[in-house]
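Text of the file model.cif, holding mmCIF, C-alpha atoms:
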```cif
data_input
#
loop_
_atom_site.label_atom_id
_atom_site.label_comp_id
_atom_site.auth_asym_id
_atom_site.auth_seq_id
_atom_site.Cartn_x
_atom_site.Cartn_y
_atom_site.Cartn_z
CA LEU A 24 105.60 27.19 128.55
CA GLU A 25 103.58 27.41 125.32
CA ALA A 26 103.66 31.20 125.41
CA ALA A 27 107.39 31.23 126.15
CA ARG A 28 108.06 29.04 123.14
CA LYS A 29 105.84 31.18 120.90
CA ASN A 30 107.85 34.23 122.02
CA ASP A 31 111.20 32.41 121.88
CA SER A 32 111.92 33.53 125.40
CA PRO A 33 112.92 32.23 128.82
CA VAL A 34 110.15 32.32 131.42
CA ILE A 35 109.71 32.41 135.19
CA ILE A 36 107.14 29.98 136.55
CA GLN A 37 106.31 30.55 140.18
CA PHE A 38 104.08 28.95 142.78
CA SER A 39 102.39 30.47 145.80
CA ALA A 40 101.75 28.46 148.96
CA GLY A 41 98.04 28.34 148.16
CA GLY A 42 98.71 27.44 144.54
CA SER A 43 101.08 24.68 145.63
CA GLN A 44 98.46 23.24 147.96
CA PHE A 45 95.90 23.36 145.14
CA TYR A 46 98.34 21.61 142.81
CA GLY A 47 98.79 18.86 145.38
CA GLY A 48 95.05 18.56 145.92
CA LYS A 49 92.66 20.48 148.16
CA GLY A 50 91.40 17.18 149.54
CA LEU A 51 94.78 16.55 151.20
CA ASP A 52 95.55 17.45 154.79
CA ASN A 53 97.88 20.46 154.72
CA LYS A 54 99.08 20.11 158.30
CA ASN A 55 102.62 21.50 158.58
CA TYR A 56 102.16 22.54 154.94
CA ALA A 57 102.71 18.96 153.80
CA ALA A 58 100.33 19.27 150.84
CA ALA A 59 101.82 22.62 149.80
CA VAL A 60 105.35 21.19 149.91
CA ALA A 61 104.40 18.06 147.98
CA GLY A 62 102.38 20.07 145.46
CA ALA A 63 105.24 22.49 144.75
CA VAL A 64 107.82 19.70 144.44
CA SER A 65 105.51 17.77 142.13
CA ALA A 66 104.95 20.90 140.03
CA ALA A 67 108.69 21.54 139.83
CA PHE A 68 109.35 18.07 138.42
CA HIS A 69 106.45 18.48 135.99
CA VAL A 70 107.83 21.80 134.72
CA ARG A 71 111.33 20.37 134.36
CA ILE A 72 110.09 17.47 132.25
CA MET A 73 107.90 19.64 130.01
CA ALA A 74 110.46 22.45 129.67
CA GLU A 75 112.72 19.92 127.99
CA LEU A 76 110.09 19.33 125.31
CA TYR A 77 109.12 22.96 124.88
CA GLY A 78 112.80 23.86 124.66
CA VAL A 79 112.72 26.98 126.81
CA PRO A 80 114.86 27.86 129.84
CA VAL A 81 112.77 28.15 133.01
CA ILE A 82 113.38 29.79 136.37
CA LEU A 83 111.38 27.89 139.00
CA HIS A 84 110.37 30.28 141.75
CA THR A 85 108.04 30.44 144.73
CA ASP A 86 106.11 33.59 145.57
CA HIS A 87 105.29 35.45 148.83
CA CYS A 88 106.38 33.46 151.87
CA ALA A 89 105.35 35.30 155.03
CA LYS A 90 106.85 34.40 158.40
CA LYS A 91 104.12 31.87 159.19
CA LEU A 92 104.81 30.12 155.86
CA LEU A 93 108.56 29.64 156.40
CA PRO A 94 108.08 25.89 157.13
CA TRP A 95 106.76 25.59 153.56
CA VAL A 96 109.94 27.08 152.07
CA ASP A 97 112.01 25.01 154.51
CA GLY A 98 110.49 21.87 153.00
CA LEU A 99 111.20 23.06 149.47
CA LEU A 100 114.74 24.08 150.36
CA ALA A 101 115.38 20.62 151.79
CA ALA A 102 114.12 19.14 148.50
CA SER A 103 116.48 21.41 146.55
CA GLU A 104 119.41 20.42 148.73
CA ARG A 105 118.69 16.73 148.08
CA TYR A 106 118.32 17.41 144.34
CA HIS A 107 121.56 19.41 144.30
CA ALA A 108 123.46 16.58 145.96
CA LYS A 109 122.44 14.29 143.11
CA HIS A 110 122.32 16.62 140.08
CA GLY A 111 124.60 19.54 140.95
CA GLU A 112 121.81 22.11 140.77
CA PRO A 113 118.85 22.96 143.03
CA LEU A 114 115.33 21.73 142.25
CA PHE A 115 114.02 25.31 142.46
CA SER A 116 115.89 28.31 141.12
CA SER A 117 114.79 30.78 143.78
CA HIS A 118 112.40 31.51 146.63
CA MET A 119 110.79 34.71 147.85
CA ILE A 120 110.95 35.42 151.58
CA ASP A 121 108.34 38.09 152.27
CA LEU A 122 108.85 39.52 155.74
CA SER A 123 107.64 42.99 154.81
CA GLU A 124 105.18 42.93 157.71
CA GLU A 125 108.01 42.37 160.19
CA PRO A 126 110.44 45.03 161.50
CA ILE A 127 113.18 45.73 158.98
CA PRO A 128 116.03 44.44 161.21
CA GLU A 129 114.21 41.12 161.66
CA ASN A 130 113.40 40.97 157.96
CA ILE A 131 117.05 41.43 157.05
CA GLU A 132 118.43 38.99 159.64
CA ILE A 133 116.13 36.16 158.54
CA CYS A 134 116.90 36.88 154.89
CA LYS A 135 120.63 36.72 155.66
CA ASP A 136 120.18 33.28 157.19
CA TYR A 137 118.29 31.99 154.17
CA LEU A 138 120.65 33.58 151.65
CA SER A 139 123.59 31.88 153.37
CA ARG A 140 121.91 28.52 152.89
CA PHE A 141 120.74 29.34 149.35
CA SER A 142 124.20 30.41 148.25
CA LYS A 143 125.63 26.96 148.99
CA ILE A 144 123.52 25.41 146.23
CA GLY A 145 123.33 28.32 143.77
CA MET A 146 119.84 29.58 144.59
CA LEU A 147 118.59 33.16 144.42
CA LEU A 148 116.68 34.94 147.18
CA GLU A 149 113.91 37.46 146.54
CA MET A 150 113.07 39.63 149.53
CA GLU A 151 110.40 42.29 150.00
CA LEU A 152 110.58 45.77 151.48
CA GLY A 153 107.43 47.76 152.07
CA ILE A 154 104.04 46.24 151.39
CA THR A 155 102.29 45.36 148.15
CA GLY A 156 98.71 46.56 148.49
CA GLY A 157 95.54 44.78 147.42
CA GLU A 158 94.64 41.13 147.98
CA GLU A 159 96.41 38.00 146.76
CA ASP A 160 96.35 34.33 147.77
CA GLY A 161 94.46 35.01 151.01
CA VAL A 162 96.65 37.95 152.11
CA ASN A 163 94.69 41.21 152.30
CA ASN A 164 96.60 44.50 152.33
CA GLU A 165 93.83 46.69 150.93
CA ASP A 166 93.77 48.99 153.96
CA VAL A 167 97.48 49.44 154.71
CA PRO A 168 98.76 53.01 155.32
CA LEU A 169 99.74 54.74 152.08
CA GLU A 170 103.31 55.35 153.24
CA ASP A 171 103.89 51.60 153.54
CA LEU A 172 103.42 51.27 149.78
CA TYR A 173 106.63 53.23 149.07
CA SER A 174 110.13 52.09 150.04
CA LYS A 175 112.87 54.52 151.03
CA PRO A 176 116.35 54.53 149.42
CA GLU A 177 117.95 54.21 152.86
CA GLU A 178 116.00 51.01 153.54
CA ILE A 179 116.96 49.50 150.20
CA PHE A 180 120.63 50.30 150.84
CA GLN A 181 120.34 48.70 154.27
CA VAL A 182 119.27 45.47 152.56
CA TYR A 183 121.93 45.73 149.87
CA ASP A 184 124.66 46.37 152.41
CA ALA A 185 123.63 43.40 154.57
CA LEU A 186 123.11 40.81 151.84
CA THR A 187 125.89 41.57 149.34
CA PRO A 188 128.73 40.23 151.56
CA ILE A 189 126.93 36.87 151.59
CA SER A 190 126.01 36.61 147.91
CA ASP A 191 124.96 38.80 145.01
CA MET A 192 122.23 36.29 144.17
CA PHE A 193 119.32 38.30 145.54
CA THR A 194 116.59 40.60 144.28
CA VAL A 195 114.57 43.25 146.11
CA ALA A 196 110.82 43.63 145.75
CA ALA A 197 110.81 47.26 146.80
CA ALA A 198 107.45 48.99 147.10
CA PHE A 199 106.72 51.84 144.71
CA GLY A 200 102.94 51.92 144.99
CA ASN A 201 102.35 48.37 143.79
CA VAL A 202 99.09 46.59 144.45
CA HIS A 203 97.84 43.09 143.76
CA GLY A 204 94.75 42.97 141.58
CA VAL A 205 93.26 45.33 139.01
CA TYR A 206 91.65 48.63 139.94
CA LYS A 207 90.06 51.57 138.13
CA PRO A 208 92.53 53.98 136.50
CA GLY A 209 93.69 56.58 139.00
CA ASN A 210 93.18 54.37 142.05
CA VAL A 211 96.74 53.07 141.89
CA LYS A 212 99.67 55.49 141.67
CA LEU A 213 102.92 53.82 140.75
CA GLU A 214 106.13 55.76 141.34
CA PRO A 215 108.90 53.87 139.48
CA LYS A 216 111.22 56.84 140.07
CA ILE A 217 111.56 55.57 143.66
CA LEU A 218 113.63 52.74 142.21
CA GLY A 219 115.74 55.17 140.21
CA ARG A 220 116.39 57.31 143.27
CA ALA A 221 117.43 54.22 145.21
CA GLN A 222 119.89 53.18 142.48
CA THR A 223 121.42 56.66 142.52
CA TYR A 224 121.59 56.76 146.32
CA ILE A 225 123.28 53.34 146.57
CA SER A 226 125.67 54.07 143.71
CA GLU A 227 126.78 57.22 145.50
CA LYS A 228 127.31 55.19 148.68
CA LEU A 229 129.41 52.68 146.74
CA GLY A 230 131.51 55.31 144.99
CA ASP A 231 134.15 53.70 142.76
CA LYS A 232 132.72 50.27 143.59
CA ALA A 233 129.39 51.05 141.92
CA PRO A 234 128.69 49.15 138.68
CA ALA A 235 129.17 51.02 135.41
CA ASP A 236 125.44 51.16 134.72
CA LYS A 237 124.79 52.62 138.20
CA LYS A 238 122.17 49.93 138.88
CA PRO A 239 123.58 47.92 141.78
CA VAL A 240 120.18 46.48 142.78
CA SER A 241 118.06 44.02 140.82
CA PHE A 242 114.44 44.93 141.50
CA VAL A 243 111.18 42.98 141.29
CA PHE A 244 107.88 44.53 140.21
CA HIS A 245 104.98 43.01 142.15
CA GLY A 246 101.36 43.58 141.14
CA GLY A 247 102.04 43.96 137.42
CA SER A 248 98.45 43.28 136.37
CA GLY A 249 96.66 46.32 134.99
CA SER A 250 99.84 48.41 134.92
CA ASP A 251 100.39 50.99 132.20
CA VAL A 252 103.04 49.96 129.68
CA SER A 253 104.87 53.25 130.23
CA ASP A 254 105.21 52.43 133.96
CA ILE A 255 106.48 48.96 133.10
CA HIS A 256 109.11 50.32 130.73
CA GLU A 257 110.16 53.01 133.19
CA ALA A 258 110.56 50.40 135.94
CA ILE A 259 112.66 48.21 133.65
CA GLY A 260 114.86 51.22 133.00
CA TYR A 261 115.48 51.54 136.73
CA GLY A 262 116.63 47.95 137.14
CA VAL A 263 113.49 45.78 137.34
CA ILE A 264 114.37 42.29 136.08
CA LYS A 265 111.19 40.45 137.08
CA MET A 266 107.52 41.37 137.01
CA ASN A 267 104.72 39.34 138.58
CA ILE A 268 101.46 39.01 136.71
CA ASP A 269 98.65 36.91 138.16
CA THR A 270 95.31 38.72 138.21
CA ASP A 271 95.34 39.44 134.47
CA THR A 272 96.19 35.84 133.65
CA GLN A 273 93.49 34.58 136.00
CA TRP A 274 90.99 36.71 134.12
CA ALA A 275 92.35 35.55 130.75
CA TYR A 276 91.94 31.91 131.79
CA TRP A 277 88.38 32.49 133.02
CA ASP A 278 87.55 34.60 129.95
CA GLY A 279 88.44 31.67 127.71
CA ILE A 280 85.96 29.48 129.57
CA ARG A 281 83.33 32.25 129.63
CA LYS A 282 83.48 32.76 125.88
CA PHE A 283 83.44 29.00 125.25
CA GLU A 284 80.30 28.61 127.33
CA LYS A 285 78.61 31.55 125.62
CA LYS A 286 79.40 30.21 122.16
CA ASN A 287 78.30 26.65 122.97
CA HIS A 288 75.63 27.32 125.59
CA ASP A 289 72.90 25.27 123.92
CA TYR A 290 75.21 22.25 123.70
CA LEU A 291 76.09 22.36 127.41
CA GLN A 292 72.67 21.98 129.02
CA GLY A 293 72.57 18.20 129.12
CA GLN A 294 74.39 15.09 127.97
CA ILE A 295 71.84 14.51 125.20
CA GLY A 296 69.93 17.01 123.12
CA ASN A 297 70.97 20.22 121.37
CA PRO A 298 69.79 22.48 118.51
CA GLU A 299 70.75 19.75 116.02
CA GLY A 300 68.35 17.25 117.53
CA ALA A 301 66.82 15.92 120.76
CA ASP A 302 68.86 12.73 120.52
CA LYS A 303 72.21 14.33 119.64
CA PRO A 304 75.05 13.76 122.17
CA ASN A 305 77.05 16.67 123.58
CA LYS A 306 80.14 14.89 124.87
CA LYS A 307 82.55 16.71 122.58
CA TYR A 308 81.36 19.99 124.09
CA TYR A 309 81.34 19.14 127.80
CA ASP A 310 84.58 17.15 127.76
CA PRO A 311 86.55 19.32 130.28
CA ARG A 312 89.60 19.29 128.04
CA VAL A 313 87.76 21.34 125.43
CA CYS A 314 86.85 24.30 127.64
CA LEU A 315 90.18 24.11 129.45
CA ARG A 316 92.01 24.32 126.14
CA ALA A 317 89.98 27.43 125.36
CA ALA A 318 91.15 28.81 128.70
CA GLU A 319 94.77 27.95 127.89
CA SER A 320 94.60 29.60 124.47
CA SER A 321 93.13 32.75 126.01
CA THR A 322 95.92 32.79 128.61
CA VAL A 323 98.61 32.33 125.97
CA ALA A 324 97.21 35.33 124.08
CA ARG A 325 97.41 37.49 127.23
CA LEU A 326 100.91 36.27 127.97
CA ASN A 327 101.99 37.21 124.44
CA GLN A 328 101.16 40.78 125.43
CA CYS A 329 103.19 40.36 128.64
CA PHE A 330 106.27 39.18 126.76
CA ALA A 331 105.98 42.16 124.41
CA ASP A 332 105.41 44.66 127.23
CA LEU A 333 108.46 43.34 129.07
CA LYS A 334 110.65 43.45 125.95
CA CYS A 335 111.19 39.72 126.22
CA THR A 336 110.57 38.36 122.73
CA ASN A 337 112.95 36.64 120.28
CA ILE A 338 115.55 36.30 123.03
CA LEU A 339 116.80 32.79 122.36
CA GLY A 340 117.35 33.08 118.62
CA GLY A 341 115.60 29.76 118.11
CA ALA A 342 113.34 28.24 115.51
CA ALA A 343 110.29 30.12 114.28
CA GLU A 344 106.86 29.48 115.76
CA GLY A 345 105.40 26.26 114.39
CA ALA A 346 108.69 24.36 114.34
CA ALA A 347 108.58 20.80 115.59
CA LEU A 348 108.66 20.59 119.34
CA GLY A 349 111.70 19.04 120.94
CA PRO A 350 114.56 19.75 123.34
CA ARG A 351 116.56 22.84 122.43
CA LEU A 352 118.28 25.83 123.91
CA GLY A 353 118.30 25.26 127.60
CA GLY A 354 115.68 22.68 128.50
CA LEU A 355 116.47 21.77 132.11
CA PRO A 356 117.69 18.28 133.04
CA VAL A 357 115.58 15.90 135.10
#
```
If you took the structure in this file and wrote it as structure tokens, what would it be?
Amino acid sequence: LEAARKNDSPVIIQFSAGGSQFYGGKGLDNKNYAAAVAGAVSAAFHVRIMAELYGVPVILHTDHCAKKLLPWVDGLLAASERYHAKHGEPLFSSHMIDLSEEPIPENIEICKDYLSRFSKIGMLLEMELGITGGEEDGVNNEDVPLEDLYSKPEEIFQVYDALTPISDMFTVAAAFGNVHGVYKPGNVKLEPKILGRAQTYISEKLGDKAPADKKPVSFVFHGGSGSDVSDIHEAIGYGVIKMNIDTDTQWAYWDGIRKFEKKNHDYLQGQIGNPEGADKPNKKYYDPRVCLRAAESSTVARLNQCFADLKCTNILGGAAEGAALGPRLGGLPV
């Protein structure tokens, strides 16, 4: 939220199942995903309250939901339906249903069922085709066959054709060589042109019904960390409207703590005693808020780069950085 305000931009904040459980508390029993549901709902309310003060529009989203995790999204969808009944909008903006490991017909049928329910309360569905390589949130796809990392235009059209009659509120996380994590240059080969070929193929199928820009599909770019800016810009040109970045922000957060510890090492070895004297207290150094703020500042700096790379700065036309905080331009209601 701080980075979004600095860049005068909307932002997507999303939660994974594991992240939601962590937010709720790892000491809680997560049977039937109860802790993950409660954690995500709690986080959603927290973001809504704080977005009002930061004055930035937020899309609240949940990330990869494999078939075994569907009860988690079911719990969140029920919460959104209750919230919608009272406030006229869903608690969450969208959910990702990731059935890329299932047969395509099953993937599409389940997504149709969820999109039908989502559409009744104005929610967006993100679905995945193909597999994002690498490892993320306990899911390891480091050894999947190479061909599974690249979606085919015919498959993307199959999804478009099945979902569009229900609602146009859906995005497709098509695979074009994406991987979670950061790897040495050359180990990951992105092919954004796959998205361009799919847009052309579907536009030709639609004929006169194709949109003027010939980009009927809204795509999602998974595994954005470590990607070359030229690949990011090319993907945006082919209709990518959302890019996930997690690994780079995890490193930025840790790097803030690492540098703080290095700078203040001699003040962090005990409660009492430092280079200024054996009886000098160190509380102002080991107070967790101090190192965590260093982590936050490091993360904001990395996110500033993300906003620039994604051409998402100075979007809202709001006050300059440093203006007094307060509700403005799209803070969401509680």
(message) Just checking: using all atoms listed in the file, which residue out of A:Ala89, A:Val263, A:Leu172, A:Ala101 ends up closest to Val60 in chain A?
(response)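 The answer is A:Ala101, which sits nearest to Val60 in chain A.
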Tell me which residues the PyMOL selection byres ((chain A and resi 58) around 12) grabs here, as a tab-separated table (two decimals) with C-alpha atoms, in the frame of the given file.
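Dumped everything to selection.tsv:
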```tsv
chain	number	residue	atom	x	y	z
A	40	ALA	CA	101.75	28.46	148.96
A	41	GLY	CA	98.04	28.34	148.16
A	42	GLY	CA	98.71	27.44	144.54
A	43	SER	CA	101.08	24.68	145.63
A	44	GLN	CA	98.46	23.24	147.96
A	45	PHE	CA	95.90	23.36	145.14
A	46	TYR	CA	98.34	21.61	142.81
A	47	GLY	CA	98.79	18.86	145.38
A	48	GLY	CA	95.05	18.56	145.92
A	49	LYS	CA	92.66	20.48	148.16
A	50	GLY	CA	91.40	17.18	149.54
A	51	LEU	CA	94.78	16.55	151.20
A	52	ASP	CA	95.55	17.45	154.79
A	53	ASN	CA	97.88	20.46	154.72
A	54	LYS	CA	99.08	20.11	158.30
A	55	ASN	CA	102.62	21.50	158.58
A	56	TYR	CA	102.16	22.54	154.94
A	57	ALA	CA	102.71	18.96	153.80
A	59	ALA	CA	101.82	22.62	149.80
A	60	VAL	CA	105.35	21.19	149.91
A	61	ALA	CA	104.40	18.06	147.98
A	62	GLY	CA	102.38	20.07	145.46
A	63	ALA	CA	105.24	22.49	144.75
A	64	VAL	CA	107.82	19.70	144.44
A	65	SER	CA	105.51	17.77	142.13
A	66	ALA	CA	104.95	20.90	140.03
A	94	PRO	CA	108.08	25.89	157.13
A	95	TRP	CA	106.76	25.59	153.56
A	98	GLY	CA	110.49	21.87	153.00
A	99	LEU	CA	111.20	23.06	149.47
```
(message) Considering all atoms listed in the file, can you say which of A:Cys88, A:Ile280, A:Ile268, A:Ala221 comes closest to Ala317 in chain A?
(response)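 Result for the nearest residue to Ala317 in chain A: A:Ile280.
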(message) With distances taken over all atoms listed in the file, which residue among A:Asn297, A:Ser116, A:Ser174, A:Thr272 lies nearest Phe242 in chain A?
(response) A:Ser174
(request) Please provide the set of residues having any atom within 10 Å of Lys307 in chain A, restricted to only C-alpha atoms, with same-chain residues fewer than 5 positions apart removed, written as a VMD selection string. (result) chain A and resid 290 to 291 294 312 to 313
(message) Would you compute the distance between CA of Pro215 in chain A and CA of Tyr261 in chain A? Give it in Å to one decimal.
(response)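 Spanning CA of Pro215 in chain A to CA of Tyr261 in chain A is a straight-line distance of 7.5 Å.
Between CA of Ala196 in chain A and CA of Leu93 in chain A there is a distance of 17.7 Å.
If only C-alpha atoms are the atoms counted, then among A:Lys282, A:His245, A:His110, A:Arg28 the closest residue to Leu315 in chain A is A:Lys282.
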